[in-house]
Amino acid sequence: MYAALEGELTMRGVALDQLKVVTMIAAGGCPFREYGLGDGLEHGVAIQLSMALEHGIIFDFVPVTFSDFNSHIVSLGVGVGAALLAKLRAREAGRVRMDGVMFACKGTLAAALAARAFVLEDGGGGGGEADDRAKLALFGMGTDLTQGFDDMTDESASACSMQLNLAAMNSLQDTNVGHGEATKAGLEARAARFGGTAVWIDVEARLKEFGTFGTGSNPEHGWYPAAFRRKCCSAVKASILDELACLVGATPCDHLDEVAVAAVGGAAGEASQASDVTSDVGHANVETNVGCAPRGALIPNAMLLDLKARADCATATT
């Protein structure tokens with residue numbers, strides 16, 4: 001997929017080093033199937049191309065899902081967190097590009113463990129605050145930032161604030177995260193502890209953009225999967241990607257291609273007819289082949305199996 005994507009970008013005069021690379025954790029409702037871990041290669045290329053041109057971002061993946069870890073959230077956190085940490089080490093050595101991490105809900109623990117270990121290895125913030133361009137961006141959706149974040153000491157949280165740019169985007173009506181002024185204030189304070197921000201979307205005020213949902217009711221925790229899977233939610237998806245682009249410092253390319261945008265619009269429409277808002281639990285496993293990540297960021301199957309074994313071992317002793 002990435003070879004085809006690079007070819008499309010080159011045809012439009014866009015080099016990969018003009019774009020920001022965001023690693024997506026394939027769990028918790030993140031749109032990993034839509035952006036390349038699904039069955040449709042052409043759709044993956046089209047939607048990544050559109051995002052690259054409009055927002056200056058491309059996604060790569062840790063290509064394992066919640067079901068690959070037998071739907072065990074701690075195993076997922078340990079295994080995917082280890083893979084992210086390995087990639088962060090390679091990033092520090094200049095071997096791979098990694099400007100940020102996108103996570104959601106069940107992926108929160110993995111993002112937190114990797115970030116904490118990365119900051120600790122980097123001296124725990126003892127070297128002072130990193131330049132904004134050198135900071136790792138963490139972008140969460142549908143998360144209350146408790147798993148892996150809430151138990152940090154003030155010292156660790158302060159160290160993380162020097163090395164990370166954190167934003168958590170939530171719906172004001174998501175009862176899985178909580179709702180009301182107390183919940184809103186609590187999440188904002190939790191994010192601020194790491195130097196981050198809480199971003200809110202009023203889904204109720206934008207309900208028409210989410211389609212009927214059968215009764216026209218608020219999708220609550222399903223708001224962000226719907227934004228990426230339903231054509232009618234394209235403006236909501238754009239709002240999410242705008243926030244992500246701002247966090248990683250991405251800028252749109254000057255070579256916006258109307259054909260690419262039209263192609264991804266048509267592909268998204270077909271996808272929305274096949275799938276409404278569903279979680280990744282219960283889906284068939286996505287094949288973890290090494291063709292689903294950019295050059296230099298591949299995770300061999302042997303390593304993935306080792307991660308699962310280590311995660312099973314670690315969780316068996318807890």
# chains A, B, ... in the order shown; residues from 1 in each chain; ligands from 1
>>> residues_around(residues="Leu138 of chain A", least_positions_apart="2", cutoff="12 Å", atoms="only C-alpha atoms", output="PyMOL selection string")
chain A and resi 22-25+84+98-104+107-108+110-112+114-116+135-136+140-141+143+145+160-161+163-169+191+194-198+243-248
>>> select_by_dssp(residues="segment 131-265 of chain A", states="alpha helix (DSSP H)", output="ChimeraX atom specification")
/A:154-163,181-193,223-229,234-248,258-265
>>> closest_residue(among="A:Leu113, A:Ala134, A:Ala185, A:Cys105", to="Met152 of chain A", atoms="only C-alpha atoms")
A:Leu113
>>> residues_around(residues="Ile57 of chain A", least_positions_apart="5", cutoff="6 Å", atoms="only C-alpha atoms", output="PyMOL selection string")
chain A and resi 19-21+52
>>> residues_around(residues="Ile201 of chain A", least_positions_apart="3", cutoff="7 Å", atoms="only C-alpha atoms", output="PyMOL selection string")
chain A and resi 170-172
>>> residues_around(residues="Thr146 of chain A", least_positions_apart="2", cutoff="9 Å", atoms="only C-alpha atoms", output="list in words")
Thr108, Leu109, Thr143, Asp144, Gly148, Phe149, Asp150, Asp151 and Arg190 of chain A
>>> residues_around(residues="Val203 of chain A", least_positions_apart="4", cutoff="9 Å", atoms="only C-alpha atoms", output="number ranges by chain")
A: 171-174, 207, 209-210, 218-220, 223
>>> atom_distance(atom1="atom CA of His55 of chain A", atom2="atom CA of Pro252 of chain A")
4.5 Å
>>> residues_around(residues="Leu76 of chain A", least_positions_apart="2", cutoff="9 Å", atoms="only C-alpha atoms", output="short mmCIF file (atom, residue, chain, number, x, y, z; two decimals) with N, CA, C and O atoms, in the first residue's frame")
data_model
loop_
_atom_site.label_atom_id
_atom_site.label_comp_id
_atom_site.auth_asym_id
_atom_site.auth_seq_id
_atom_site.Cartn_x
_atom_site.Cartn_y
_atom_site.Cartn_z
N ALA A 27 -6.74 -0.50 17.84
CA ALA A 27 -7.68 -0.98 18.87
C ALA A 27 -8.54 0.19 19.33
O ALA A 27 -8.24 1.35 19.07
N VAL A 64 -1.33 -5.16 15.06
CA VAL A 64 -2.01 -6.20 15.82
C VAL A 64 -3.23 -5.58 16.48
O VAL A 64 -3.24 -4.38 16.79
N THR A 65 -4.26 -6.38 16.67
CA THR A 65 -5.53 -5.87 17.19
C THR A 65 -5.82 -6.46 18.57
O THR A 65 -5.13 -7.36 19.05
N PHE A 66 -6.87 -5.93 19.17
CA PHE A 66 -7.31 -6.40 20.49
C PHE A 66 -7.56 -7.90 20.48
O PHE A 66 -7.17 -8.62 21.41
N SER A 67 -8.16 -8.40 19.43
CA SER A 67 -8.46 -9.84 19.35
C SER A 67 -7.20 -10.68 19.20
O SER A 67 -7.19 -11.86 19.57
N ASP A 68 -6.11 -10.12 18.69
CA ASP A 68 -4.85 -10.85 18.62
C ASP A 68 -4.31 -11.17 20.01
O ASP A 68 -3.48 -12.07 20.17
N PHE A 69 -4.75 -10.41 21.00
CA PHE A 69 -4.33 -10.65 22.39
C PHE A 69 -5.47 -11.28 23.20
O PHE A 69 -5.57 -11.09 24.40
N ASN A 70 -6.31 -12.04 22.49
CA ASN A 70 -7.45 -12.72 23.13
C ASN A 70 -8.32 -11.75 23.91
O ASN A 70 -8.86 -12.09 24.97
N SER A 71 -8.45 -10.55 23.39
CA SER A 71 -9.29 -9.51 23.99
C SER A 71 -8.93 -9.24 25.45
O SER A 71 -9.80 -8.96 26.28
N HIS A 72 -7.63 -9.32 25.74
CA HIS A 72 -7.12 -9.06 27.09
C HIS A 72 -6.44 -7.69 27.07
O HIS A 72 -5.40 -7.52 26.45
N ILE A 73 -7.02 -6.74 27.78
CA ILE A 73 -6.59 -5.35 27.63
C ILE A 73 -5.19 -5.11 28.18
O ILE A 73 -4.43 -4.30 27.63
N VAL A 74 -4.79 -5.82 29.25
CA VAL A 74 -3.44 -5.63 29.80
C VAL A 74 -2.40 -6.23 28.86
O VAL A 74 -1.34 -5.64 28.64
N VAL A 78 0.68 -4.14 27.21
CA VAL A 78 2.09 -4.51 27.34
C VAL A 78 2.72 -4.79 25.98
O VAL A 78 3.81 -4.30 25.65
N GLY A 79 2.03 -5.60 25.17
CA GLY A 79 2.60 -5.99 23.88
C GLY A 79 2.74 -4.83 22.92
O GLY A 79 3.82 -4.60 22.34
N VAL A 80 1.67 -4.06 22.74
CA VAL A 80 1.72 -2.93 21.81
C VAL A 80 2.61 -1.82 22.39
O VAL A 80 3.33 -1.14 21.65
N GLY A 81 2.57 -1.64 23.71
CA GLY A 81 3.46 -0.65 24.33
C GLY A 81 4.92 -0.96 24.06
O GLY A 81 5.72 -0.06 23.79
N LYS A 106 -9.35 1.49 24.39
CA LYS A 106 -8.54 0.35 24.81
C LYS A 106 -7.05 0.51 24.51
O LYS A 106 -6.22 -0.22 25.08
N GLY A 107 -6.69 1.42 23.63
CA GLY A 107 -5.28 1.64 23.31
C GLY A 107 -4.58 2.59 24.26
O GLY A 107 -3.38 2.83 24.14
N LEU A 109 -3.70 2.38 27.48
CA LEU A 109 -2.64 1.81 28.31
C LEU A 109 -1.35 1.62 27.51
O LEU A 109 -0.26 1.93 28.01
N ALA A 110 -1.46 1.13 26.28
CA ALA A 110 -0.27 0.93 25.45
C ALA A 110 0.46 2.25 25.19
O ALA A 110 1.69 2.32 25.30
N LYS A 308 3.48 -11.06 21.84
CA LYS A 308 2.31 -11.69 22.44
C LYS A 308 2.72 -12.65 23.56
O LYS A 308 2.08 -12.69 24.61
N ALA A 311 3.80 -10.61 26.54
CA ALA A 311 2.64 -10.00 27.18
C ALA A 311 1.86 -11.03 27.99
O ALA A 311 1.45 -10.77 29.12
#
>>> closest_residue(among="A:Val62, A:Met1, A:Ala189, A:Leu49", to="Ala26 of chain A", atoms="only C-alpha atoms")
A:Val62
>>> atom_distance(atom1="atom CA of Gly186 of chain A", atom2="atom CA of Trp200 of chain A")
13.1 Å
>>> select_by_dssp(residues="segment 126-251 of chain A", states="strand (DSSP E)", output="PDB file with C-alpha atoms, in the first residue's frame")
ATOM      1  CA  LEU A 136       6.192  13.097  20.653  1.00  0.00           C
ATOM      2  CA  ALA A 137       2.522  13.881  20.047  1.00  0.00           C
ATOM      3  CA  LEU A 138      -0.077  11.661  21.736  1.00  0.00           C
ATOM      4  CA  PHE A 139      -3.596  12.027  20.379  1.00  0.00           C
ATOM      5  CA  GLY A 140      -6.373  10.124  22.131  1.00  0.00           C
ATOM      6  CA  MET A 141     -10.077   9.749  21.339  1.00  0.00           C
ATOM      7  CA  LEU A 164       5.202  14.922  25.054  1.00  0.00           C
ATOM      8  CA  ASN A 165       2.421  16.914  23.397  1.00  0.00           C
ATOM      9  CA  LEU A 166      -0.822  15.372  24.584  1.00  0.00           C
ATOM     10  CA  ALA A 167      -4.404  15.967  23.485  1.00  0.00           C
ATOM     11  CA  ALA A 168      -7.512  13.962  24.340  1.00  0.00           C
ATOM     12  CA  MET A 169     -10.565  14.546  22.167  1.00  0.00           C
ATOM     13  CA  ASN A 170     -13.960  13.523  23.543  1.00  0.00           C
ATOM     14  CA  SER A 171     -17.665  14.041  23.047  1.00  0.00           C
ATOM     15  CA  THR A 197      -5.189  19.634  26.622  1.00  0.00           C
ATOM     16  CA  ALA A 198      -8.699  18.197  26.513  1.00  0.00           C
ATOM     17  CA  VAL A 199     -10.597  18.918  23.295  1.00  0.00           C
ATOM     18  CA  TRP A 200     -14.377  18.648  23.233  1.00  0.00           C
ATOM     19  CA  ILE A 201     -16.894  18.081  20.484  1.00  0.00           C
TER      20      ILE A 201
END
>>> atom_distance(atom1="atom CA of Ile47 of chain A", atom2="atom CA of Tyr35 of chain A")
6.4 Å
>>> decode(residues="segment 45-148 of chain A", atoms="C-alpha atoms", output="PDB file, in the first residue's frame")
ATOM      1  CA  VAL A  45      -4.381   4.261  -0.712  1.00  0.00           C
ATOM      2  CA  ALA A  46      -7.158   6.722  -1.632  1.00  0.00           C
ATOM      3  CA  ILE A  47      -8.032   7.659   1.937  1.00  0.00           C
ATOM      4  CA  GLN A  48      -4.384   8.007   3.004  1.00  0.00           C
ATOM      5  CA  LEU A  49      -3.686  10.116  -0.087  1.00  0.00           C
ATOM      6  CA  SER A  50      -6.604  12.402   0.677  1.00  0.00           C
ATOM      7  CA  MET A  51      -5.435  12.823   4.278  1.00  0.00           C
ATOM      8  CA  ALA A  52      -1.858  13.501   3.192  1.00  0.00           C
ATOM      9  CA  LEU A  53      -2.944  16.211   0.756  1.00  0.00           C
ATOM     10  CA  GLU A  54      -5.568  17.842   2.974  1.00  0.00           C
ATOM     11  CA  HIS A  55      -3.882  17.512   6.370  1.00  0.00           C
ATOM     12  CA  GLY A  56      -0.205  16.695   5.761  1.00  0.00           C
ATOM     13  CA  ILE A  57      -0.378  13.371   7.644  1.00  0.00           C
ATOM     14  CA  ILE A  58       0.015   9.676   6.869  1.00  0.00           C
ATOM     15  CA  PHE A  59      -0.742   6.804   9.237  1.00  0.00           C
ATOM     16  CA  ASP A  60       1.312   3.735   9.891  1.00  0.00           C
ATOM     17  CA  PHE A  61       0.384   1.003  12.349  1.00  0.00           C
ATOM     18  CA  VAL A  62       1.351  -1.432  15.037  1.00  0.00           C
ATOM     19  CA  PRO A  63      -0.422  -4.144  13.037  1.00  0.00           C
ATOM     20  CA  VAL A  64      -2.006  -6.203  15.817  1.00  0.00           C
ATOM     21  CA  THR A  65      -5.526  -5.872  17.190  1.00  0.00           C
ATOM     22  CA  PHE A  66      -7.309  -6.396  20.488  1.00  0.00           C
ATOM     23  CA  SER A  67      -8.461  -9.838  19.351  1.00  0.00           C
ATOM     24  CA  ASP A  68      -4.851 -10.850  18.620  1.00  0.00           C
ATOM     25  CA  PHE A  69      -4.331 -10.649  22.390  1.00  0.00           C
ATOM     26  CA  ASN A  70      -7.445 -12.720  23.130  1.00  0.00           C
ATOM     27  CA  SER A  71      -9.290  -9.506  23.987  1.00  0.00           C
ATOM     28  CA  HIS A  72      -7.122  -9.058  27.092  1.00  0.00           C
ATOM     29  CA  ILE A  73      -6.588  -5.354  27.632  1.00  0.00           C
ATOM     30  CA  VAL A  74      -3.444  -5.632  29.797  1.00  0.00           C
ATOM     31  CA  SER A  75      -1.785  -7.997  27.306  1.00  0.00           C
ATOM     32  CA  LEU A  76      -2.613  -5.529  24.537  1.00  0.00           C
ATOM     33  CA  GLY A  77      -1.147  -2.676  26.584  1.00  0.00           C
ATOM     34  CA  VAL A  78       2.091  -4.513  27.341  1.00  0.00           C
ATOM     35  CA  GLY A  79       2.599  -5.990  23.878  1.00  0.00           C
ATOM     36  CA  VAL A  80       1.724  -2.926  21.812  1.00  0.00           C
ATOM     37  CA  GLY A  81       3.461  -0.653  24.326  1.00  0.00           C
ATOM     38  CA  ALA A  82       6.671  -2.657  23.826  1.00  0.00           C
ATOM     39  CA  ALA A  83       6.378  -2.330  20.046  1.00  0.00           C
ATOM     40  CA  LEU A  84       5.831   1.422  20.336  1.00  0.00           C
ATOM     41  CA  LEU A  85       8.828   1.758  22.639  1.00  0.00           C
ATOM     42  CA  ALA A  86      11.012  -0.131  20.163  1.00  0.00           C
ATOM     43  CA  LYS A  87       9.906   2.254  17.439  1.00  0.00           C
ATOM     44  CA  LEU A  88      10.567   5.260  19.683  1.00  0.00           C
ATOM     45  CA  ARG A  89      14.115   4.008  20.240  1.00  0.00           C
ATOM     46  CA  ALA A  90      14.560   3.672  16.481  1.00  0.00           C
ATOM     47  CA  ARG A  91      13.159   7.192  16.107  1.00  0.00           C
ATOM     48  CA  GLU A  92      15.748   8.537  18.520  1.00  0.00           C
ATOM     49  CA  ALA A  93      18.460   6.784  16.513  1.00  0.00           C
ATOM     50  CA  GLY A  94      17.166   8.435  13.332  1.00  0.00           C
ATOM     51  CA  ARG A  95      16.126   5.159  11.707  1.00  0.00           C
ATOM     52  CA  VAL A  96      12.361   5.768  11.425  1.00  0.00           C
ATOM     53  CA  ARG A  97       9.869   8.630  11.270  1.00  0.00           C
ATOM     54  CA  MET A  98       7.395   8.886  14.116  1.00  0.00           C
ATOM     55  CA  ASP A  99       5.836  12.251  14.850  1.00  0.00           C
ATOM     56  CA  GLY A 100       2.908  11.063  16.914  1.00  0.00           C
ATOM     57  CA  VAL A 101       0.695   8.254  18.151  1.00  0.00           C
ATOM     58  CA  MET A 102      -3.074   8.016  17.699  1.00  0.00           C
ATOM     59  CA  PHE A 103      -4.896   5.889  20.250  1.00  0.00           C
ATOM     60  CA  ALA A 104      -8.434   5.429  21.527  1.00  0.00           C
ATOM     61  CA  CYS A 105     -10.161   3.820  24.489  1.00  0.00           C
ATOM     62  CA  LYS A 106      -8.542   0.348  24.814  1.00  0.00           C
ATOM     63  CA  GLY A 107      -5.276   1.636  23.310  1.00  0.00           C
ATOM     64  CA  THR A 108      -4.734   4.136  26.139  1.00  0.00           C
ATOM     65  CA  LEU A 109      -2.638   1.812  28.311  1.00  0.00           C
ATOM     66  CA  ALA A 110      -0.272   0.927  25.447  1.00  0.00           C
ATOM     67  CA  ALA A 111       0.313   4.598  24.610  1.00  0.00           C
ATOM     68  CA  ALA A 112       0.876   5.477  28.265  1.00  0.00           C
ATOM     69  CA  LEU A 113       3.325   2.629  28.946  1.00  0.00           C
ATOM     70  CA  ALA A 114       5.394   3.402  25.852  1.00  0.00           C
ATOM     71  CA  ALA A 115       5.468   7.141  26.573  1.00  0.00           C
ATOM     72  CA  ARG A 116       6.416   6.681  30.215  1.00  0.00           C
ATOM     73  CA  ALA A 117       9.231   4.267  29.398  1.00  0.00           C
ATOM     74  CA  PHE A 118      10.478   6.532  26.608  1.00  0.00           C
ATOM     75  CA  VAL A 119      10.612   9.566  28.907  1.00  0.00           C
ATOM     76  CA  LEU A 120      12.334   7.548  31.643  1.00  0.00           C
ATOM     77  CA  GLU A 121      14.976   6.259  29.219  1.00  0.00           C
ATOM     78  CA  ASP A 122      15.531   9.802  28.018  1.00  0.00           C
ATOM     79  CA  GLY A 123      16.572  10.862  31.483  1.00  0.00           C
ATOM     80  CA  GLY A 124      13.166  11.550  32.970  1.00  0.00           C
ATOM     81  CA  GLY A 125      13.042  15.089  31.642  1.00  0.00           C
ATOM     82  CA  GLY A 126      16.351  15.923  33.299  1.00  0.00           C
ATOM     83  CA  GLY A 127      17.629  17.444  30.071  1.00  0.00           C
ATOM     84  CA  GLY A 128      14.955  20.128  30.117  1.00  0.00           C
ATOM     85  CA  GLU A 129      11.978  20.661  27.886  1.00  0.00           C
ATOM     86  CA  ALA A 130      12.277  19.354  24.338  1.00  0.00           C
ATOM     87  CA  ASP A 131      11.742  21.561  21.326  1.00  0.00           C
ATOM     88  CA  ASP A 132       8.136  21.301  20.096  1.00  0.00           C
ATOM     89  CA  ARG A 133       9.342  19.699  16.882  1.00  0.00           C
ATOM     90  CA  ALA A 134      11.161  16.983  18.858  1.00  0.00           C
ATOM     91  CA  LYS A 135       8.273  16.196  21.200  1.00  0.00           C
ATOM     92  CA  LEU A 136       6.192  13.097  20.653  1.00  0.00           C
ATOM     93  CA  ALA A 137       2.522  13.881  20.047  1.00  0.00           C
ATOM     94  CA  LEU A 138      -0.077  11.661  21.736  1.00  0.00           C
ATOM     95  CA  PHE A 139      -3.596  12.027  20.379  1.00  0.00           C
ATOM     96  CA  GLY A 140      -6.373  10.124  22.131  1.00  0.00           C
ATOM     97  CA  MET A 141     -10.077   9.749  21.339  1.00  0.00           C
ATOM     98  CA  GLY A 142     -12.797   8.406  23.588  1.00  0.00           C
ATOM     99  CA  THR A 143     -10.404   8.152  26.541  1.00  0.00           C
ATOM    100  CA  ASP A 144     -10.466   9.527  30.069  1.00  0.00           C
ATOM    101  CA  LEU A 145      -6.651   9.228  30.371  1.00  0.00           C
ATOM    102  CA  THR A 146      -6.801   6.981  33.410  1.00  0.00           C
ATOM    103  CA  GLN A 147      -5.146   3.726  32.280  1.00  0.00           C
ATOM    104  CA  GLY A 148      -1.407   4.172  32.578  1.00  0.00           C
TER     105      GLY A 148
END
